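With mmCIF, C-alpha atoms and all ligand atoms inside, this is data-v5.cif:
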```
data_input
#
loop_
_atom_site.group_PDB
_atom_site.id
_atom_site.type_symbol
_atom_site.label_atom_id
_atom_site.label_comp_id
_atom_site.auth_asym_id
_atom_site.auth_seq_id
_atom_site.Cartn_x
_atom_site.Cartn_y
_atom_site.Cartn_z
ATOM 1 C CA MET A 1 -98.550 -127.174 166.998
ATOM 2 C CA PHE A 2 -96.134 -125.537 169.422
ATOM 3 C CA GLU A 3 -98.478 -123.897 171.971
ATOM 4 C CA ASN A 4 -97.450 -126.264 174.767
ATOM 5 C CA VAL A 5 -93.727 -125.950 174.090
ATOM 6 C CA TYR A 6 -94.113 -122.160 173.990
ATOM 7 C CA ARG A 7 -95.939 -122.146 177.326
ATOM 8 C CA LEU A 8 -93.308 -124.394 178.922
ATOM 9 C CA ILE A 9 -90.471 -122.140 177.772
ATOM 10 C CA GLN A 10 -92.334 -119.077 178.987
ATOM 11 C CA SER A 11 -92.880 -120.553 182.460
ATOM 12 C CA HIS A 12 -89.326 -121.737 183.222
ATOM 13 C CA GLY A 13 -86.333 -119.621 184.207
ATOM 14 C CA THR A 14 -83.811 -122.321 183.327
ATOM 15 C CA ILE A 15 -83.938 -124.332 180.122
ATOM 16 C CA ILE A 16 -81.471 -127.130 179.382
ATOM 17 C CA LEU A 17 -81.172 -128.312 175.787
ATOM 18 C CA HIS A 18 -80.295 -131.941 175.003
ATOM 19 C CA ARG A 19 -79.869 -133.775 171.674
ATOM 20 C CA HIS A 20 -78.525 -137.102 170.413
ATOM 21 C CA LYS A 21 -75.016 -138.473 171.000
ATOM 22 C CA SER A 22 -72.286 -137.979 168.354
ATOM 23 C CA PRO A 23 -74.060 -134.840 167.158
ATOM 24 C CA ASP A 24 -74.513 -134.005 163.481
ATOM 25 C CA GLY A 25 -75.264 -130.602 161.986
ATOM 26 C CA ASP A 26 -78.973 -130.933 162.726
ATOM 27 C CA ALA A 27 -78.562 -131.940 166.380
ATOM 28 C CA LEU A 28 -76.157 -129.064 167.058
ATOM 29 C CA GLY A 29 -77.986 -126.638 164.784
ATOM 30 C CA SER A 30 -81.315 -127.131 166.562
ATOM 31 C CA GLN A 31 -79.619 -126.890 169.962
ATOM 32 C CA ILE A 32 -77.673 -123.690 169.192
ATOM 33 C CA GLY A 33 -80.565 -122.253 167.191
ATOM 34 C CA LEU A 34 -83.176 -122.768 169.900
ATOM 35 C CA LYS A 35 -80.799 -121.426 172.556
ATOM 36 C CA HIS A 36 -80.358 -118.138 170.726
ATOM 37 C CA ILE A 37 -84.032 -117.816 169.829
ATOM 38 C CA ILE A 38 -84.921 -118.155 173.522
ATOM 39 C CA LEU A 39 -82.219 -115.704 174.635
ATOM 40 C CA GLU A 40 -83.232 -113.181 171.978
ATOM 41 C CA ASN A 41 -86.898 -113.240 172.997
ATOM 42 C CA TRP A 42 -86.562 -113.896 176.743
ATOM 43 C CA PRO A 43 -83.181 -112.320 177.687
ATOM 44 C CA GLU A 44 -83.740 -112.978 181.407
ATOM 45 C CA LYS A 45 -83.749 -116.777 181.007
ATOM 46 C CA ARG A 46 -80.770 -119.088 181.565
ATOM 47 C CA VAL A 47 -80.292 -121.486 178.650
ATOM 48 C CA TYR A 48 -77.719 -124.294 178.701
ATOM 49 C CA MET A 49 -76.624 -126.782 176.062
ATOM 50 C CA VAL A 50 -75.371 -130.193 177.223
ATOM 51 C CA GLY A 51 -73.932 -133.287 175.535
ATOM 52 C CA ASP A 52 -70.789 -134.721 174.006
ATOM 53 C CA ALA A 53 -68.394 -132.552 171.987
ATOM 54 C CA ALA A 54 -69.221 -131.150 168.543
ATOM 55 C CA GLY A 55 -66.478 -133.182 166.812
ATOM 56 C CA ARG A 56 -66.313 -132.522 163.096
ATOM 57 C CA TYR A 57 -68.988 -129.807 163.497
ATOM 58 C CA ALA A 58 -66.847 -127.812 165.935
ATOM 59 C CA PHE A 59 -66.634 -125.141 163.206
ATOM 60 C CA MET A 60 -70.204 -124.163 164.118
ATOM 61 C CA GLU A 61 -70.354 -120.959 166.114
ATOM 62 C CA ASP A 62 -71.155 -121.391 169.837
ATOM 63 C CA SER A 63 -70.921 -125.193 169.577
ATOM 64 C CA VAL A 64 -69.038 -125.673 172.875
ATOM 65 C CA MET A 65 -71.287 -127.384 175.412
ATOM 66 C CA ASP A 66 -71.931 -126.023 178.910
ATOM 67 C CA GLU A 67 -70.746 -127.655 182.145
ATOM 68 C CA VAL A 68 -74.015 -127.957 184.049
ATOM 69 C CA PRO A 69 -74.228 -129.151 187.710
ATOM 70 C CA ASP A 70 -77.065 -131.525 188.661
ATOM 71 C CA GLU A 71 -78.663 -128.763 190.766
ATOM 72 C CA ALA A 72 -79.339 -126.736 187.625
ATOM 73 C CA TYR A 73 -82.040 -129.253 186.693
ATOM 74 C CA THR A 74 -84.095 -128.494 189.813
ATOM 75 C CA GLY A 75 -87.229 -126.708 188.609
ATOM 76 C CA ALA A 76 -85.836 -126.491 185.092
ATOM 77 C CA LEU A 77 -87.273 -127.393 181.697
ATOM 78 C CA ALA A 78 -85.267 -129.935 179.668
ATOM 79 C CA ILE A 79 -85.867 -129.961 175.913
ATOM 80 C CA VAL A 80 -84.692 -132.979 173.904
ATOM 81 C CA LEU A 81 -83.997 -132.215 170.244
ATOM 82 C CA ASP A 82 -83.550 -134.421 167.151
ATOM 83 C CA THR A 83 -83.644 -137.703 169.126
ATOM 84 C CA SER A 84 -85.999 -140.682 168.724
ATOM 85 C CA ALA A 85 -85.005 -142.929 171.636
ATOM 86 C CA LYS A 86 -84.000 -142.433 175.280
ATOM 87 C CA ALA A 87 -80.796 -144.454 174.836
ATOM 88 C CA LEU A 88 -79.567 -142.004 172.190
ATOM 89 C CA ILE A 89 -79.858 -138.845 174.306
ATOM 90 C CA SER A 90 -76.525 -137.300 175.211
ATOM 91 C CA ASP A 91 -76.312 -136.550 178.954
ATOM 92 C CA GLY A 92 -78.716 -138.856 180.763
ATOM 93 C CA ARG A 93 -79.726 -136.270 183.380
ATOM 94 C CA TRP A 94 -82.705 -134.910 181.425
ATOM 95 C CA PRO A 95 -85.257 -136.724 183.713
ATOM 96 C CA LEU A 96 -83.966 -134.597 186.629
ATOM 97 C CA ALA A 97 -85.777 -131.595 185.131
ATOM 98 C CA ALA A 98 -89.166 -130.515 186.510
ATOM 99 C CA ASP A 99 -90.656 -130.552 183.014
ATOM 100 C CA THR A 100 -89.526 -132.187 179.786
ATOM 101 C CA ALA A 101 -90.349 -131.523 176.152
ATOM 102 C CA ARG A 102 -89.164 -133.010 172.860
ATOM 103 C CA ILE A 103 -88.976 -131.647 169.324
ATOM 104 C CA ASP A 104 -88.073 -134.291 166.730
ATOM 105 C CA HIS A 105 -88.496 -135.345 163.097
ATOM 106 C CA HIS A 106 -87.508 -139.039 163.318
ATOM 107 C CA ILE A 107 -89.908 -141.953 162.906
ATOM 108 C CA PHE A 108 -91.627 -142.390 166.279
ATOM 109 C CA VAL A 109 -89.923 -144.982 168.499
ATOM 110 C CA GLU A 110 -91.088 -144.190 172.034
ATOM 111 C CA GLN A 111 -92.462 -141.393 174.162
ATOM 112 C CA ILE A 112 -89.571 -139.653 175.910
ATOM 113 C CA CYS A 113 -90.974 -136.441 177.345
ATOM 114 C CA ASP A 114 -94.218 -135.160 178.872
ATOM 115 C CA THR A 115 -94.746 -132.776 175.966
ATOM 116 C CA GLU A 116 -93.741 -133.873 172.488
ATOM 117 C CA VAL A 117 -93.826 -132.335 169.032
ATOM 118 C CA THR A 118 -92.676 -134.940 166.506
ATOM 119 C CA ASP A 119 -93.310 -134.579 162.784
ATOM 120 C CA THR A 120 -91.603 -136.801 160.203
ATOM 121 C CA GLY A 121 -92.786 -134.424 157.469
ATOM 122 C CA PHE A 122 -89.847 -132.165 158.293
ATOM 123 C CA GLU A 123 -86.467 -132.746 156.668
ATOM 124 C CA SER A 124 -84.683 -131.657 159.846
ATOM 125 C CA CYS A 125 -85.217 -130.801 163.477
ATOM 126 C CA CYS A 126 -83.846 -127.367 162.562
ATOM 127 C CA GLY A 127 -86.808 -127.004 160.213
ATOM 128 C CA LEU A 128 -89.134 -127.736 163.126
ATOM 129 C CA VAL A 129 -87.404 -125.211 165.383
ATOM 130 C CA THR A 130 -87.671 -122.613 162.601
ATOM 131 C CA GLN A 131 -91.380 -123.435 162.232
ATOM 132 C CA PHE A 132 -91.717 -122.945 166.002
ATOM 133 C CA ALA A 133 -90.216 -119.453 165.731
ATOM 134 C CA VAL A 134 -92.407 -118.535 162.752
ATOM 135 C CA GLU A 135 -95.602 -119.856 164.337
ATOM 136 C CA CYS A 136 -94.971 -118.123 167.658
ATOM 137 C CA GLY A 137 -93.814 -114.875 166.074
ATOM 138 C CA LEU A 138 -90.392 -115.064 167.717
ATOM 139 C CA ARG A 139 -87.379 -113.064 166.574
ATOM 140 C CA VAL A 140 -84.584 -115.192 165.096
ATOM 141 C CA PRO A 141 -81.146 -113.586 165.508
ATOM 142 C CA ARG A 142 -78.320 -114.122 163.006
ATOM 143 C CA LEU A 143 -76.514 -116.854 164.969
ATOM 144 C CA ALA A 144 -79.738 -118.852 165.403
ATOM 145 C CA ALA A 145 -80.486 -118.518 161.692
ATOM 146 C CA GLN A 146 -76.958 -119.592 160.732
ATOM 147 C CA SER A 147 -77.162 -122.688 163.007
ATOM 148 C CA LEU A 148 -80.663 -123.698 161.888
ATOM 149 C CA PHE A 149 -79.754 -123.264 158.232
ATOM 150 C CA THR A 150 -76.694 -125.494 158.779
ATOM 151 C CA GLY A 151 -78.858 -128.314 160.152
ATOM 152 C CA MET A 152 -81.352 -127.960 157.313
ATOM 153 C CA VAL A 153 -78.526 -128.241 154.804
ATOM 154 C CA THR A 154 -76.865 -131.269 156.411
ATOM 155 C CA ASP A 155 -80.065 -133.275 157.059
ATOM 156 C CA SER A 156 -81.505 -132.579 153.590
ATOM 157 C CA GLY A 157 -78.267 -133.298 151.699
ATOM 158 C CA ARG A 158 -78.185 -129.630 150.692
ATOM 159 C CA PHE A 159 -81.894 -129.617 149.745
ATOM 160 C CA ARG A 160 -81.541 -132.736 147.621
ATOM 161 C CA PHE A 161 -83.117 -135.640 149.571
ATOM 162 C CA ASP A 162 -86.788 -136.620 149.083
ATOM 163 C CA SER A 163 -87.582 -135.075 152.472
ATOM 164 C CA THR A 164 -87.037 -131.598 150.982
ATOM 165 C CA THR A 165 -90.374 -129.822 150.449
ATOM 166 C CA ALA A 166 -91.721 -126.411 149.494
ATOM 167 C CA ARG A 167 -91.917 -125.710 153.214
ATOM 168 C CA THR A 168 -88.213 -126.521 153.602
ATOM 169 C CA PHE A 169 -87.419 -123.753 151.116
ATOM 170 C CA ARG A 170 -89.927 -121.335 152.681
ATOM 171 C CA LEU A 171 -88.323 -121.813 156.093
ATOM 172 C CA ALA A 172 -84.807 -121.619 154.617
ATOM 173 C CA ALA A 173 -85.816 -118.379 152.879
ATOM 174 C CA PHE A 174 -87.104 -117.053 156.209
ATOM 175 C CA LEU A 175 -83.734 -117.845 157.818
ATOM 176 C CA MET A 176 -81.882 -116.189 154.945
ATOM 177 C CA GLU A 177 -83.488 -112.883 155.879
ATOM 178 C CA GLN A 178 -80.568 -112.895 158.313
ATOM 179 C CA PRO A 179 -77.021 -112.469 156.964
ATOM 180 C CA ILE A 180 -76.165 -116.179 156.755
ATOM 181 C CA GLU A 181 -72.649 -116.974 155.559
ATOM 182 C CA THR A 182 -73.176 -119.845 153.102
ATOM 183 C CA ASN A 183 -69.818 -119.839 151.326
ATOM 184 C CA GLY A 184 -67.869 -120.527 154.518
ATOM 185 C CA LEU A 185 -70.499 -123.037 155.636
ATOM 186 C CA TYR A 186 -70.234 -125.134 152.465
ATOM 187 C CA ARG A 187 -66.447 -124.941 152.626
ATOM 188 C CA ASN A 188 -66.519 -126.285 156.189
ATOM 189 C CA LEU A 189 -68.951 -129.027 155.233
ATOM 190 C CA TYR A 190 -67.443 -130.227 151.969
ATOM 191 C CA ALA A 191 -63.713 -129.464 151.855
ATOM 192 C CA ASN A 192 -61.588 -132.620 152.260
ATOM 193 C CA ASP A 193 -58.022 -133.109 153.470
ATOM 194 C CA LEU A 194 -55.692 -133.716 150.549
ATOM 195 C CA GLU A 195 -54.956 -137.164 152.024
ATOM 196 C CA GLN A 196 -58.661 -138.017 151.867
ATOM 197 C CA VAL A 197 -58.893 -136.808 148.270
ATOM 198 C CA ARG A 198 -55.994 -139.137 147.370
ATOM 199 C CA LEU A 199 -57.692 -142.018 149.178
ATOM 200 C CA LYS A 200 -60.904 -141.335 147.224
ATOM 201 C CA ALA A 201 -58.933 -141.424 143.979
ATOM 202 C CA LYS A 202 -57.688 -144.917 144.891
ATOM 203 C CA PHE A 203 -61.223 -146.076 145.559
ATOM 204 C CA MET A 204 -62.553 -144.603 142.308
ATOM 205 C CA GLU A 205 -60.052 -146.815 140.491
ATOM 206 C CA LYS A 206 -61.481 -149.836 142.305
ATOM 207 C CA ILE A 207 -65.087 -149.373 141.067
ATOM 208 C CA ARG A 208 -66.477 -152.427 139.225
ATOM 209 C CA LEU A 209 -69.844 -153.002 137.550
ATOM 210 C CA THR A 210 -72.178 -156.015 137.495
ATOM 211 C CA ALA A 211 -74.043 -157.084 134.341
ATOM 212 C CA ASN A 212 -77.058 -154.904 135.220
ATOM 213 C CA GLY A 213 -74.978 -151.890 136.214
ATOM 214 C CA VAL A 214 -74.658 -152.162 139.987
ATOM 215 C CA ALA A 215 -71.401 -150.442 140.943
ATOM 216 C CA TYR A 216 -69.363 -151.997 143.723
ATOM 217 C CA ILE A 217 -66.011 -151.782 145.458
ATOM 218 C CA TYR A 218 -64.501 -154.721 147.326
ATOM 219 C CA THR A 219 -61.666 -154.103 149.776
ATOM 220 C CA THR A 220 -59.835 -157.072 151.311
ATOM 221 C CA ARG A 221 -58.227 -157.157 154.770
ATOM 222 C CA GLU A 222 -54.786 -157.127 153.159
ATOM 223 C CA GLU A 223 -55.653 -153.915 151.281
ATOM 224 C CA MET A 224 -57.048 -152.414 154.486
ATOM 225 C CA GLU A 225 -53.719 -153.036 156.195
ATOM 226 C CA THR A 226 -51.787 -151.344 153.361
ATOM 227 C CA LEU A 227 -54.160 -148.351 153.318
ATOM 228 C CA GLY A 228 -53.823 -147.806 157.060
ATOM 229 C CA ALA A 229 -57.367 -146.347 157.166
ATOM 230 C CA ASP A 230 -60.036 -147.398 159.671
ATOM 231 C CA LEU A 231 -63.247 -149.244 158.808
ATOM 232 C CA PHE A 232 -65.517 -146.193 159.086
ATOM 233 C CA THR A 233 -63.320 -144.100 156.777
ATOM 234 C CA VAL A 234 -63.381 -146.799 154.125
ATOM 235 C CA SER A 235 -66.850 -148.315 154.499
ATOM 236 C CA ARG A 236 -69.003 -145.233 155.128
ATOM 237 C CA GLY A 237 -66.469 -142.749 153.865
ATOM 238 C CA MET A 238 -65.851 -144.243 150.428
ATOM 239 C CA VAL A 239 -69.310 -145.453 149.381
ATOM 240 C CA GLY A 240 -69.891 -141.908 148.130
ATOM 241 C CA VAL A 241 -67.249 -142.185 145.385
ATOM 242 C CA MET A 242 -69.909 -144.166 143.461
ATOM 243 C CA ASN A 243 -72.535 -141.379 143.762
ATOM 244 C CA ASP A 244 -73.760 -139.750 140.583
ATOM 245 C CA ILE A 245 -72.434 -142.180 137.973
ATOM 246 C CA LYS A 246 -74.699 -142.156 134.902
ATOM 247 C CA GLY A 247 -76.523 -145.469 134.519
ATOM 248 C CA VAL A 248 -75.646 -146.557 138.054
ATOM 249 C CA ASP A 249 -78.741 -146.443 140.263
ATOM 250 C CA ILE A 250 -77.618 -148.958 142.884
ATOM 251 C CA TRP A 251 -74.161 -149.243 144.425
ATOM 252 C CA VAL A 252 -72.500 -151.030 147.315
ATOM 253 C CA ASN A 253 -69.209 -150.783 149.152
ATOM 254 C CA PHE A 254 -67.799 -154.035 150.630
ATOM 255 C CA THR A 255 -65.067 -153.780 153.238
ATOM 256 C CA GLU A 256 -63.530 -156.773 154.979
ATOM 257 C CA CYS A 257 -63.367 -156.303 158.754
ATOM 258 C CA PRO A 258 -62.798 -158.533 161.821
ATOM 259 C CA GLU A 259 -66.565 -159.388 161.942
ATOM 260 C CA GLY A 260 -66.735 -160.352 158.255
ATOM 261 C CA VAL A 261 -67.589 -157.968 155.424
ATOM 262 C CA ALA A 262 -69.153 -154.550 156.063
ATOM 263 C CA CYS A 263 -71.655 -153.655 153.301
ATOM 264 C CA GLU A 264 -72.888 -150.129 152.606
ATOM 265 C CA LEU A 265 -75.786 -150.080 150.130
ATOM 266 C CA ARG A 266 -77.094 -147.014 148.291
ATOM 267 C CA SER A 267 -79.679 -146.359 145.593
ATOM 268 C CA VAL A 268 -81.246 -143.506 143.671
ATOM 269 C CA TYR A 269 -84.758 -144.880 143.090
ATOM 270 C CA GLN A 270 -85.240 -148.367 144.447
ATOM 271 C CA ASN A 271 -85.790 -149.538 147.999
ATOM 272 C CA ILE A 272 -82.650 -151.541 148.778
ATOM 273 C CA ASN A 273 -83.516 -151.832 152.481
ATOM 274 C CA PRO A 274 -85.079 -155.328 152.186
ATOM 275 C CA VAL A 275 -81.777 -156.625 150.785
ATOM 276 C CA ALA A 276 -79.891 -155.212 153.777
ATOM 277 C CA VAL A 277 -82.505 -156.688 156.130
ATOM 278 C CA LYS A 278 -82.258 -160.094 154.402
ATOM 279 C CA TYR A 279 -78.563 -160.118 155.315
ATOM 280 C CA GLY A 280 -79.100 -159.031 158.916
ATOM 281 C CA GLY A 281 -78.732 -155.279 158.428
ATOM 282 C CA GLY A 282 -81.043 -152.291 158.193
ATOM 283 C CA GLY A 283 -81.326 -148.550 157.645
ATOM 284 C CA HIS A 284 -83.287 -146.486 155.164
ATOM 285 C CA GLN A 285 -84.907 -147.118 151.760
ATOM 286 C CA LYS A 286 -82.025 -145.637 149.803
ATOM 287 C CA ALA A 287 -79.169 -146.020 152.272
ATOM 288 C CA SER A 288 -78.718 -149.202 154.282
ATOM 289 C CA GLY A 289 -75.932 -151.298 155.740
ATOM 290 C CA ALA A 290 -75.196 -154.808 156.920
ATOM 291 C CA THR A 291 -72.230 -156.869 158.070
ATOM 292 C CA VAL A 292 -72.120 -160.334 156.516
ATOM 293 C CA ALA A 293 -69.982 -163.337 157.452
ATOM 294 C CA ASP A 294 -67.721 -163.659 154.421
ATOM 295 C CA ARG A 295 -66.953 -162.736 150.814
ATOM 296 C CA GLN A 296 -69.236 -165.428 149.453
ATOM 297 C CA THR A 297 -72.246 -163.972 151.304
ATOM 298 C CA ALA A 298 -71.284 -160.481 150.147
ATOM 299 C CA MET A 299 -71.302 -161.716 146.556
ATOM 300 C CA ALA A 300 -74.735 -163.298 147.100
ATOM 301 C CA MET A 301 -75.972 -159.883 148.248
ATOM 302 C CA LEU A 302 -74.406 -158.319 145.167
ATOM 303 C CA SER A 303 -76.284 -160.701 142.892
ATOM 304 C CA ASP A 304 -79.552 -159.837 144.699
ATOM 305 C CA LEU A 305 -78.864 -156.164 144.026
ATOM 306 C CA ASP A 306 -77.958 -156.948 140.429
ATOM 307 C CA GLU A 307 -81.270 -158.740 140.017
ATOM 308 C CA MET A 308 -83.060 -155.699 141.466
ATOM 309 C CA ALA A 309 -81.211 -153.424 139.038
ATOM 310 C CA GLY A 310 -82.405 -155.646 136.216
ATOM 311 C CA THR A 311 -86.047 -154.863 137.010
ATOM 312 C CA ALA A 312 -87.235 -151.441 135.857
ATOM 313 C CA HIS A 313 -87.991 -148.969 138.649
ATOM 314 C CA GLU A 314 -90.642 -146.997 136.745
HETATM 315 MN MN MN B 401 -82.045 -134.672 162.288
#
```
What does the file become when written as structure tokens?
Amino acid sequence: MFENVYRLIQSHGTIILHRHKSPDGDALGSQIGLKHIILENWPEKRVYMVGDAAGRYAFMEDSVMDEVPDEAYTGALAIVLDTSAKALISDGRWPLAADTARIDHHIFVEQICDTEVTDTGFESCCGLVTQFAVECGLRVPRLAAQSLFTGMVTDSGRFRFDSTTARTFRLAAFLMEQPIETNGLYRNLYANDLEQVRLKAKFMEKIRLTANGVAYIYTTREEMETLGADLFTVSRGMVGVMNDIKGVDIWVNFTECPEGVACELRSVYQNINPVAVKYGGGGHQKASGATVADRQTAMAMLSDLDEMAGTAHE
């Protein structure tokens, strides 16, 4: 599957690694991981990582991006990782490279590079990069293994999401041949600020249930002003307080915002995406979002979800 990518890497002295904007653990993990696999196996090559800053993943080792002049792209190979669309690539200079390649696990949107390896059967792009190393018999040094493992963990919800397969564990086991530090990794990923823990406690108190057991939280604009937290922190950040409640298989977080009401929908078994789409939103089968005009529309969405919860999923 990776013969062409292997040949491209082998035939270029300079390789510049791109990934999507606002990087997550998988984007950075595949970038850092591939960099150190290349350097370990071809020490004479120059490998650069470009893109916006690591943000909340700045704890990852070697996650500071390189300052690369335009001239570096002349004759170089650019590899785009973990990105499904051109508009999402961080650092738009990738077409300046002599050759381009992409490794990705998202649903196919468009062709971006001359050579592409995309496979939605992988839980993460890090899984694909690990598969590349295994298939090509490349050495994977500790730092590469640590980075790739991080991306596998974050994109698979710590090996919990449906995308997790036997292969995921085989590749994770291969990476764990290296001395990966998991305790510190999980601490960095899951430890919250005390302030955030207190905010979560407030939101747990706000959980309500519909007749058929859909959990929901509704936060008004007045409450938002008192909380002093931004929309993302409340809407995306607090929907998780309804995770893992026995008997609750569908839940939704409503947050009033200047555009109306932000809705974050989640489910364990059922496909709630059509409900999000019906109200002008989108996303995935078990995690979707929409912004509706007002409280009344939000409540109409809630009753649609309640109706769905009333029908057995088996
Ligand atoms: Mn990914």
- Task: Write as a ChimeraX atom specification the residues around ligand MN 401 (chain B), taking 7 Å as the cut-off and counting all atoms listed in the file.
- Result: /A:26-27,82,105,124-125,155
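Computed from the coordinates, the CA of Ala98 in chain A to CA of Ala133 in chain A distance equals 23.6 Å.
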- Pick from A:Arg102, A:Arg93, A:Lys35, A:Arg158 nearest to Leu189 in chain A, counting only C-alpha atoms: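 Selected residue with least distance to Leu189 in chain A: A:Arg158.
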- Message: When you look at Lys45 in chain A with a cut-off of 12 Å (counting only C-alpha atoms), what residues show up, excluding the ones that are within fewer than 5 positions of it in the same chain? I need them as a list of chain:residue names.
- Response: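 These residues fall inside the cut-off: A:Ile9, A:Gln10, A:Ser11, A:His12, A:Gly13, A:Thr14, A:Ile15, A:Ile16, A:Lys35, A:His36, A:Ile37, A:Ile38, A:Leu39, A:Glu40, A:Ala76, A:Leu77.
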- Message: Going by the chain IDs and residue numbers used in this file, which residues fall under the PyMOL selection byres (((chain A and resi 263-274) around 9) and not hetatm)? Write them as JSON, numbers by chain.
- Response: {"A": [235, 236, 239, 240, 243, 244, 248, 249, 250, 251, 252, 253, 254, 255, 256, 261, 262, 275, 276, 277, 278, 279, 281, 282, 283, 284, 285, 286, 287, 288, 289, 290, 291, 292, 298, 305, 308, 309, 313, 314]}
- Query: Between CA of Asp162 in chain A and CA of Lys246 in chain A, what is the spacing in Å?
  - Reply: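 Here the two named atoms are 19.4 Å from each other.
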- Distance of CA of Ala97 in chain A from CA of Leu143 in chain A, expressed in Å to one decimal place: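 Atom-to-atom, CA of Leu143 in chain A to CA of Ala97 in chain A, that is 26.6 Å.
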- Message: Set the distance at 12 Å and use all atoms listed in the file: which residues neighbour Val241 in chain A once local chain neighbours fewer than 6 positions away are removed? I'd like the list as a VMD selection string.
- Response: chain A and resid 196 to 208 215 to 217 234 to 235 248 251 to 253 266
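When you apply the PyMOL selection byres (((chain A and resi 100) around 8) and not hetatm) to this structure, what comes back is A:Leu77, A:Ala78, A:Ile79, A:Val80, A:Trp94, A:Pro95, A:Ala97, A:Ala98, A:Asp99, A:Ala101, A:Arg102, A:Cys113, A:Asp114, A:Thr115.
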- Message: My list of candidates is A:Ala229, A:Leu148, A:Cys257, A:Leu17. Which is closest to Gln178 in chain A when distances are computed with all atoms listed in the file?
- Response: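 Residue with the minimum atom-to-atom distance to Gln178 in chain A: A:Leu148.
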- Message: Between A:Met176, A:Val129, A:Ala85, A:Ala166, which residue has the minimum interatomic distance to Phe108 in chain A, considering only C-alpha atoms?
- Response: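 Using only C-alpha atoms, the shortest distance to Phe108 in chain A belongs to A:Ala85.
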